[in-house]
Each structure stands twice: as C-alpha cells, then as structure tokens.
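To keep things clear, I will list the structure first and then write my remarks on it.
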Amino acid sequence: MLVLGLETSCDETGVALYDSEQGLLADALFSQIDLHRAFGGVVPELASRDHVKRMLPLIRQVLAEAERTAAQIDAVAYTAGPGLVGALLVGASCAQALALAWGVPAVGVHHMEGHLLAPMLEQPAPAFPFVALLVSGGHTQLVRVDGIGRYELLGESLDDAAGEAFDKTAKLMGLRYPGGPEIARLAEQGVAGRFVFPRPMTDRPGLDFSFSGLKTFTLNTWQQCRSAGDESEQTRCDIALAFQQAVVETLTIKCRRALKQTGLKSLVIAGGVSANRALRQALEKMLGELNGQVFYARPRFCTDNGAMIAYAGCQRLLVGQHDGPAIGVQARWPMESLPAI
C-alpha cells in the first residue's frame, strides 16, 4: 500500500510517501521558523496561510523524488489533531480533496501517535511492549505501549511541557526562537556545577512532571546575575547547562521509575526534545545499567514530519480503518481514546 502523509499541526509542513512493503520512499519538510522568529513564537494565522502556500509544491516534490504518480497512491493520511485548528484544517482539507479526486480512502492520524511510532522507521525498530517518553513542544508524557492503539498513560506534565520550558526559558534569557536548540547550543559551552537547579517532583512518588517552577527558578537566577552586572556569554552558557541538566535528569529519573513499575526493558523517546543529545546520552546510560535498550528516530524525524504520519496512517489503513469524507480535526485529543489494531 502506497500512502501519502501530510503533516500540518503547527509550524512545519511535512509530506511523505510510505510504501507498506518498501518503506519510506521520499519525504520533504518546510519549516516556518524564520517566518515566526520575528514574533518570538508561532502566529497561528501565519502558520495556516503558509501551509496553504507550501502543501501542493511539496507534494509534487515528493512524488518526483519517489518517481511515483498520483495514480499510484492508494490512500492519504493526514494529521487530524492535536494541534492548531487552522493549521490542521489545511492538511485535512487537502487530504480529503485529494482522496476524493483520486478515489482513495483518507485517514486522520493522531499527531502524538505519529511521534510515538516514528522510531519504527529506523533499524532496529522497537518491539512491543515498551515504555514511551513523548517530549514535544506541547506534550510530556510517559506511556506504556502494548501495541498500536493500546496505550496506558503513566504520567504527564501538570503544567509546562519540557519543550515549552526550553522555549520559554530561552525567551526569558533573551535568546532567539525556537529556544530549545539555543539552550542546547549554549549548554555545550557551560561549566558544570556553577549553578545547580532543582529536579522538580523527583522527591515524591509518581510519574507526573512539572517544569513551570524550573522555568521560574532559571529566570530568577538570570535576573540575579544581571543585577550583579554579570550578563556575560559564559554566564548564559552556565545557566543553560544547569537548566538542561535539571530537565534531563528529571526525565531520566521518571523514565527509570516507569520501567521499574512496568517491568519493561525497552524505552522509546519521541518528539522534538528527543533530538537533544544530552537527553539521549543520559537515557542510553540509564538503560545500559538496566540491561535494556533505548530507541529513537533520526533527528529530522523527531520534529514534526510527514514520514511519521504516513507510517502511522498506513498501519491503520492496512487493517481497514479510514475516515468518511467529512473534514474534521481536534485541537485536543487524548491518545488513549484511539482504537487498537
């Protein structure tokens, strides 16, 4: 089955072609970072308009790279939520229109399920069951995964997600958007031990997260340094390192607890923050101590992309799941509500 995947949940337009027998054939992505950087964050209306502008050229590009024609496509998968409603509607409308024109089925894909399954595009791929740490801009969740659609939420962020904390902390320190990569870049030059930040909610049982207080702690530390006349680049680097270490260690502690609670030895990390090298290294070390294994997608498939949507959609299409012709999206959509396959 040859599936065209469309991703438009936020500020990246992703298109991909996935074949159930040959794997990923081609993918293309356009990031709107430069468009939104002047505003310090995503402007929903601008995001939607840019998706409209980019979608068809990217589809043509992917078809050309894969040396396939529209007549060969068997189905269309698109992100139906969660995300920005206006942005989601662009992908949903395009997918349903193409499906109607081509006489093929269309299926709406859960954005976070797409992230969760992105490591399946790699070799070796993780085998069910496993624990998944989903860390994207708007989500931080620990999930037990027994199969596609068989999800048990173990813990989640009670306020800011890890990705949000990275971006907001960077903005408070005057760094450019998007903040996550900027914090990681500065942290590489930081001196460990100069600042020590708290590891939120690790002193109590449970698997939930809270990063809002850590963001405030970082702001207070930065303001104290500024008041003392220290706004040097090295101080920025040292604060960035302390912040990153706190987030990474917090996530690692909670992942260890989740693995112990479930008795599983495999961990999948997915979402934009899963591209963070310090996080990968910490989790690899922890899984090594447990004689387990950690799985993740290559960096370009950690952020939003069409490949993960094409893959996830293909798995559901193969068992006969698809949508009707109505165009519907969901800004909020619990992943546990998805049907199992």
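Residues in the structure tokens are numbered from 1 in each chain, the chains being A, B, ... in the order shown, and ligands are numbered from 1 in the order shown.
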
- prompt: What lies within 7 Å of region 153-169 of chain A using only C-alpha atoms, ignoring chain neighbours under 4 positions off, as an MDAnalysis selection string?
  reply: chainID A and resid 135:144 173 178:180 183 207:212 215 273

Who sits within 8 Å of region 2-6 of chain A, only C-alpha atoms, same chain under 3 positions skipped, as a ChimeraX atom specification: /A:13-20,72-79,91,95,306-311,313-314

query: as a PyMOL selection string, which residues of region 6-106 of chain A does DSSP assign to strand (DSSP E)?
result: chain A and resi 6-7+12-19+23-31+75-81+106

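Closest approach to Gly263 (chain A) among A:Gln245, A:Gln321, A:Val329, A:Val131: A:Val131, based on only C-alpha atoms.
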
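Excluding Glu67 (chain A) itself and same-chain residues fewer than 5 positions from it, the residues having an atom within 10 Å of it are Leu25, Ala26, Gln61 and Val62 of chain A, counting only C-alpha atoms.
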
- prompt: Using only C-alpha atoms, which residues sit within 9 Å of Val52 (chain A) once same-chain residues fewer than 2 positions away are excluded, as a list in words?
  reply: Ala47, Ser48, Arg49, Asp50, Arg54, Met55, Leu56, Ala87, Val90, Gly91 and Cys94 of chain A

Dump all heavy atoms for the selected residues as an mmCIF file, in the first residue's frame?
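Ended up saving to selection-v1.cif:
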data_model
loop_
_atom_site.group_PDB
_atom_site.id
_atom_site.type_symbol
_atom_site.label_atom_id
_atom_site.label_comp_id
_atom_site.auth_asym_id
_atom_site.auth_seq_id
_atom_site.Cartn_x
_atom_site.Cartn_y
_atom_site.Cartn_z
ATOM 1 N N ALA A 47 0.826 30.682 10.290
ATOM 2 C CA ALA A 47 1.141 29.267 10.087
ATOM 3 C C ALA A 47 0.169 28.638 9.098
ATOM 4 O O ALA A 47 0.577 27.932 8.161
ATOM 5 C CB ALA A 47 1.095 28.524 11.418
ATOM 6 N N SER A 48 -1.114 28.892 9.277
ATOM 7 C CA SER A 48 -2.129 28.318 8.392
ATOM 8 C C SER A 48 -1.935 28.776 6.952
ATOM 9 O O SER A 48 -1.992 27.975 6.010
ATOM 10 C CB SER A 48 -3.531 28.703 8.872
ATOM 11 O OG SER A 48 -3.749 28.271 10.197
ATOM 12 N N ARG A 49 -1.711 30.058 6.774
ATOM 13 C CA ARG A 49 -1.540 30.597 5.421
ATOM 14 C C ARG A 49 -0.313 30.009 4.738
ATOM 15 O O ARG A 49 -0.326 29.732 3.531
ATOM 16 C CB ARG A 49 -1.435 32.125 5.472
ATOM 17 C CG ARG A 49 -2.741 32.826 5.840
ATOM 18 C CD ARG A 49 -2.547 34.332 5.949
ATOM 19 N NE ARG A 49 -3.796 35.001 6.278
ATOM 20 C CZ ARG A 49 -4.689 35.413 5.381
ATOM 21 N NH1 ARG A 49 -4.447 35.223 4.086
ATOM 22 N NH2 ARG A 49 -5.797 36.014 5.758
ATOM 23 N N ASP A 50 0.753 29.805 5.507
ATOM 24 C CA ASP A 50 1.960 29.265 4.898
ATOM 25 C C ASP A 50 1.785 27.797 4.525
ATOM 26 O O ASP A 50 2.349 27.336 3.521
ATOM 27 C CB ASP A 50 3.156 29.432 5.834
ATOM 28 C CG ASP A 50 4.478 29.371 5.082
ATOM 29 O OD1 ASP A 50 4.736 30.294 4.282
ATOM 30 O OD2 ASP A 50 5.236 28.404 5.267
ATOM 31 N N ARG A 54 2.588 26.087 0.863
ATOM 32 C CA ARG A 54 3.638 25.077 0.688
ATOM 33 C C ARG A 54 3.132 23.688 0.301
ATOM 34 O O ARG A 54 3.890 22.892 -0.270
ATOM 35 C CB ARG A 54 4.445 24.935 1.992
ATOM 36 C CG ARG A 54 4.978 26.231 2.560
ATOM 37 C CD ARG A 54 6.047 26.840 1.695
ATOM 38 N NE ARG A 54 6.460 28.152 2.234
ATOM 39 C CZ ARG A 54 7.366 28.927 1.657
ATOM 40 N NH1 ARG A 54 7.957 28.547 0.538
ATOM 41 N NH2 ARG A 54 7.672 30.095 2.180
ATOM 42 N N MET A 55 1.891 23.366 0.605
ATOM 43 C CA MET A 55 1.435 21.980 0.535
ATOM 44 C C MET A 55 1.576 21.347 -0.854
ATOM 45 O O MET A 55 2.229 20.312 -1.026
ATOM 46 C CB MET A 55 -0.012 21.895 1.022
ATOM 47 C CG MET A 55 -0.586 20.479 1.010
ATOM 48 S SD MET A 55 0.364 19.343 2.046
ATOM 49 C CE MET A 55 -0.027 20.000 3.673
ATOM 50 N N LEU A 56 0.966 21.936 -1.865
ATOM 51 C CA LEU A 56 0.992 21.313 -3.188
ATOM 52 C C LEU A 56 2.393 21.237 -3.796
ATOM 53 O O LEU A 56 2.751 20.203 -4.373
ATOM 54 C CB LEU A 56 0.015 22.026 -4.122
ATOM 55 C CG LEU A 56 -1.466 21.843 -3.774
ATOM 56 C CD1 LEU A 56 -2.343 22.592 -4.776
ATOM 57 C CD2 LEU A 56 -1.846 20.365 -3.748
ATOM 58 N N ALA A 87 -4.271 25.352 11.263
ATOM 59 C CA ALA A 87 -3.216 24.612 10.576
ATOM 60 C C ALA A 87 -3.678 23.196 10.248
ATOM 61 O O ALA A 87 -3.444 22.690 9.145
ATOM 62 C CB ALA A 87 -1.961 24.586 11.438
ATOM 63 N N VAL A 90 -5.924 22.882 7.163
ATOM 64 C CA VAL A 90 -5.268 22.939 5.855
ATOM 65 C C VAL A 90 -4.922 21.535 5.382
ATOM 66 O O VAL A 90 -5.242 21.127 4.258
ATOM 67 C CB VAL A 90 -3.999 23.815 5.902
ATOM 68 C CG1 VAL A 90 -3.273 23.762 4.552
ATOM 69 C CG2 VAL A 90 -4.354 25.248 6.257
ATOM 70 N N GLY A 91 -4.267 20.764 6.255
ATOM 71 C CA GLY A 91 -3.889 19.410 5.882
ATOM 72 C C GLY A 91 -5.084 18.508 5.683
ATOM 73 O O GLY A 91 -5.120 17.697 4.745
ATOM 74 N N CYS A 94 -6.902 19.425 2.376
ATOM 75 C CA CYS A 94 -6.114 18.977 1.232
ATOM 76 C C CYS A 94 -6.193 17.460 1.086
ATOM 77 O O CYS A 94 -6.392 16.939 -0.019
ATOM 78 C CB CYS A 94 -4.667 19.423 1.395
ATOM 79 S SG CYS A 94 -3.602 19.014 -0.008
#

Taking only residues of region 226-298 of chain A that have an atom at most 12 Å from an atom of region 96-118 of chain A, what is each one's shortest atom pair and its distance in Å to one decimal, using only C-alpha atoms, in chain and number order, as a tab-separated table?
residue	atom	partner	partner_atom	distance
A:Leu267	CA	A:Leu116	CA	11.0
A:Val268	CA	A:Leu116	CA	7.6
A:Ile269	CA	A:Leu116	CA	7.6
A:Ala270	CA	A:His115	CA	5.6
A:Gly271	CA	A:His115	CA	5.6
A:Gly272	CA	A:His115	CA	8.8
A:Val273	CA	A:His115	CA	11.2
A:Ser274	CA	A:His115	CA	10.1
A:Phe295	CA	A:Ala118	CA	10.0
A:Tyr296	CA	A:Ala118	CA	7.7
A:Ala297	CA	A:Ala118	CA	5.9
A:Arg298	CA	A:Ala118	CA	8.9

Could you write out the selected residues, including N, CA, C and O atoms, as an mmCIF file, in the first residue's frame?
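File produced: part_15.cif:
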data_model
loop_
_atom_site.group_PDB
_atom_site.id
_atom_site.type_symbol
_atom_site.label_atom_id
_atom_site.label_comp_id
_atom_site.auth_asym_id
_atom_site.auth_seq_id
_atom_site.Cartn_x
_atom_site.Cartn_y
_atom_site.Cartn_z
ATOM 1 N N LEU A 267 12.744 1.314 26.063
ATOM 2 C CA LEU A 267 12.241 2.677 26.167
ATOM 3 C C LEU A 267 12.323 3.347 24.805
ATOM 4 O O LEU A 267 13.352 3.291 24.130
ATOM 5 N N VAL A 268 11.233 3.968 24.393
ATOM 6 C CA VAL A 268 11.202 4.777 23.179
ATOM 7 C C VAL A 268 11.095 6.236 23.586
ATOM 8 O O VAL A 268 10.288 6.582 24.447
ATOM 9 N N ILE A 269 11.914 7.091 23.008
ATOM 10 C CA ILE A 269 11.769 8.528 23.218
ATOM 11 C C ILE A 269 11.424 9.156 21.870
ATOM 12 O O ILE A 269 12.014 8.822 20.841
ATOM 13 N N ALA A 270 10.440 10.038 21.878
ATOM 14 C CA ALA A 270 9.952 10.611 20.629
ATOM 15 C C ALA A 270 9.480 12.041 20.860
ATOM 16 O O ALA A 270 9.161 12.431 21.977
ATOM 17 N N GLY A 271 9.412 12.808 19.788
ATOM 18 C CA GLY A 271 9.055 14.220 19.876
ATOM 19 C C GLY A 271 10.292 15.086 19.713
ATOM 20 O O GLY A 271 11.429 14.597 19.746
ATOM 21 N N GLY A 272 10.087 16.380 19.553
ATOM 22 C CA GLY A 272 11.183 17.288 19.261
ATOM 23 C C GLY A 272 12.325 17.265 20.262
ATOM 24 O O GLY A 272 13.498 17.316 19.885
ATOM 25 N N VAL A 273 12.004 17.170 21.554
ATOM 26 C CA VAL A 273 13.045 17.193 22.584
ATOM 27 C C VAL A 273 13.880 15.919 22.561
ATOM 28 O O VAL A 273 14.999 15.884 23.070
ATOM 29 N N SER A 274 13.353 14.841 21.949
ATOM 30 C CA SER A 274 14.109 13.583 21.890
ATOM 31 C C SER A 274 15.361 13.715 21.031
ATOM 32 O O SER A 274 16.221 12.838 21.051
ATOM 33 N N PHE A 295 15.291 3.469 22.159
ATOM 34 C CA PHE A 295 15.084 3.643 20.724
ATOM 35 C C PHE A 295 14.627 5.074 20.454
ATOM 36 O O PHE A 295 13.859 5.640 21.225
ATOM 37 N N TYR A 296 15.078 5.629 19.331
ATOM 38 C CA TYR A 296 14.629 6.959 18.936
ATOM 39 C C TYR A 296 14.814 7.110 17.434
ATOM 40 O O TYR A 296 15.559 6.347 16.787
ATOM 41 N N ALA A 297 14.128 8.082 16.868
ATOM 42 C CA ALA A 297 14.213 8.343 15.438
ATOM 43 C C ALA A 297 15.421 9.224 15.147
ATOM 44 O O ALA A 297 15.949 9.895 16.035
ATOM 45 N N ARG A 298 15.852 9.230 13.898
ATOM 46 C CA ARG A 298 16.905 10.156 13.492
ATOM 47 C C ARG A 298 16.396 11.588 13.715
ATOM 48 O O ARG A 298 15.179 11.819 13.714
#

- prompt: Which residue out of A:Ala192, A:Ala64, A:Leu318, A:Ala132 has the minimum interatomic distance to Thr235 (chain A) when only C-alpha atoms are used?
  reply: A:Ala192

query: Out of region 33-190 of chain A, which residues get helix (DSSP H, G or I) from DSSP, as a ChimeraX atom specification?
result: /A:33-37,44-66,70-72,85-102,111-121,162-172,179-187

field: Coordinates-based distance that separates CA of Leu186 (chain A) from CA of Asp34 (chain A) (Å, one decimal)
entry: 20.2 Å

Quick one: residues within 10 Å of Pro339 (chain A), only C-alpha atoms counted, chain neighbours fewer than 5 positions away excluded, as a PDB file with all heavy atoms, in the first residue's frame?
ATOM      1  N   ILE A 148      -0.131  -0.837  18.705  1.00  0.00           N
ATOM      2  CA  ILE A 148      -0.686   0.382  18.132  1.00  0.00           C
ATOM      3  C   ILE A 148      -2.123   0.560  18.607  1.00  0.00           C
ATOM      4  O   ILE A 148      -2.967  -0.311  18.419  1.00  0.00           O
ATOM      5  CB  ILE A 148      -0.627   0.336  16.598  1.00  0.00           C
ATOM      6  CG1 ILE A 148       0.834   0.260  16.134  1.00  0.00           C
ATOM      7  CG2 ILE A 148      -1.303   1.570  15.994  1.00  0.00           C
ATOM      8  CD1 ILE A 148       1.008   0.146  14.634  1.00  0.00           C
ATOM      9  N   GLY A 149      -2.370   1.678  19.273  1.00  0.00           N
ATOM     10  CA  GLY A 149      -3.687   1.940  19.838  1.00  0.00           C
ATOM     11  C   GLY A 149      -3.892   1.349  21.212  1.00  0.00           C
ATOM     12  O   GLY A 149      -4.947   1.553  21.823  1.00  0.00           O
ATOM     13  N   ARG A 150      -2.917   0.661  21.728  1.00  0.00           N
ATOM     14  CA  ARG A 150      -3.016   0.057  23.074  1.00  0.00           C
ATOM     15  C   ARG A 150      -2.083   0.832  24.004  1.00  0.00           C
ATOM     16  O   ARG A 150      -0.949   0.439  24.248  1.00  0.00           O
ATOM     17  CB  ARG A 150      -2.661  -1.427  23.022  1.00  0.00           C
ATOM     18  CG  ARG A 150      -3.595  -2.244  22.136  1.00  0.00           C
ATOM     19  CD  ARG A 150      -3.082  -3.652  21.936  1.00  0.00           C
ATOM     20  NE  ARG A 150      -2.972  -4.363  23.209  1.00  0.00           N
ATOM     21  CZ  ARG A 150      -2.317  -5.529  23.350  1.00  0.00           C
ATOM     22  NH1 ARG A 150      -1.683  -6.059  22.311  1.00  0.00           N
ATOM     23  NH2 ARG A 150      -2.273  -6.121  24.520  1.00  0.00           N
ATOM     24  N   TYR A 151      -2.596   1.949  24.495  1.00  0.00           N
ATOM     25  CA  TYR A 151      -1.796   2.890  25.253  1.00  0.00           C
ATOM     26  C   TYR A 151      -2.343   3.067  26.666  1.00  0.00           C
ATOM     27  O   TYR A 151      -3.549   3.217  26.863  1.00  0.00           O
ATOM     28  CB  TYR A 151      -1.779   4.255  24.556  1.00  0.00           C
ATOM     29  CG  TYR A 151      -1.385   4.182  23.102  1.00  0.00           C
ATOM     30  CD1 TYR A 151      -2.150   4.821  22.126  1.00  0.00           C
ATOM     31  CD2 TYR A 151      -0.256   3.483  22.693  1.00  0.00           C
ATOM     32  CE1 TYR A 151      -1.800   4.764  20.791  1.00  0.00           C
ATOM     33  CE2 TYR A 151       0.105   3.417  21.361  1.00  0.00           C
ATOM     34  CZ  TYR A 151      -0.679   4.051  20.404  1.00  0.00           C
ATOM     35  OH  TYR A 151      -0.339   3.988  19.089  1.00  0.00           O
ATOM     36  N   ARG A 316      -2.925   1.831  10.174  1.00  0.00           N
ATOM     37  CA  ARG A 316      -4.376   1.802  10.406  1.00  0.00           C
ATOM     38  C   ARG A 316      -5.137   1.495   9.111  1.00  0.00           C
ATOM     39  O   ARG A 316      -6.143   0.798   9.125  1.00  0.00           O
ATOM     40  CB  ARG A 316      -4.833   3.120  11.026  1.00  0.00           C
ATOM     41  CG  ARG A 316      -4.265   3.313  12.435  1.00  0.00           C
ATOM     42  CD  ARG A 316      -4.926   4.413  13.217  1.00  0.00           C
ATOM     43  NE  ARG A 316      -4.469   4.398  14.612  1.00  0.00           N
ATOM     44  CZ  ARG A 316      -4.986   3.637  15.568  1.00  0.00           C
ATOM     45  NH1 ARG A 316      -5.995   2.820  15.288  1.00  0.00           N
ATOM     46  NH2 ARG A 316      -4.523   3.675  16.805  1.00  0.00           N
ATOM     47  N   GLN A 321      -9.068   0.695   8.641  1.00  0.00           N
ATOM     48  CA  GLN A 321      -9.550   1.918   9.269  1.00  0.00           C
ATOM     49  C   GLN A 321      -9.377   3.102   8.321  1.00  0.00           C
ATOM     50  O   GLN A 321      -8.316   3.279   7.732  1.00  0.00           O
ATOM     51  CB  GLN A 321      -8.807   2.186  10.578  1.00  0.00           C
ATOM     52  CG  GLN A 321      -9.069   1.155  11.661  1.00  0.00           C
ATOM     53  CD  GLN A 321      -8.368   1.515  12.966  1.00  0.00           C
ATOM     54  OE1 GLN A 321      -7.954   2.641  13.183  1.00  0.00           O
ATOM     55  NE2 GLN A 321      -8.237   0.536  13.847  1.00  0.00           N
TER      56      GLN A 321
END

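If you measure from each of A:Ala228, A:Leu84, A:Cys255, A:Arg280 to Pro44 (chain A) using only C-alpha atoms, the closest one turns out to be A:Leu84.
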
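With only C-alpha atoms as the basis for measurement, A:Thr8 is the residue among A:Glu45, A:Asn305, A:Thr8, A:Gly292 that approaches Gly81 (chain A) most closely.
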
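Between CA of Asp11 (chain A) and CA of Glu65 (chain A) lies a distance of 23.3 Å.
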
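Between Glu233 (chain A) and the residues A:Ser266, A:Thr218, A:Gln189, A:Gln293, the shortest atom-to-atom distance, using only C-alpha atoms, involves A:Gln189.
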
Distance in Å - CA of Ala331 (chain A) versus CA of Ala80 (chain A): 8.4 Å

task: Compile the contact shell of Lys265 (chain A) as an NGL selection string: residues with an atom at most 8 Å away, counting only C-alpha atoms, same-chain residues fewer than 6 positions apart removed.
output: :A and (130 or 259 or 287 or 290-293)

message: At a cut-off of 12 Å, using only C-alpha atoms, what residues contact Arg236 (chain A)? Leave out same-chain residues fewer than 2 positions from it and give the result as a ChimeraX atom specification.
response: /A:169-170,172-175,182-191,194-195,218-219,221-223,225-226,230-234,238-243

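Among A:Asp27, A:Pro205, A:Ile59, A:Glu7, the residue with the shortest atom-to-atom distance to Gln261 (chain A), counting only C-alpha atoms, is A:Pro205.
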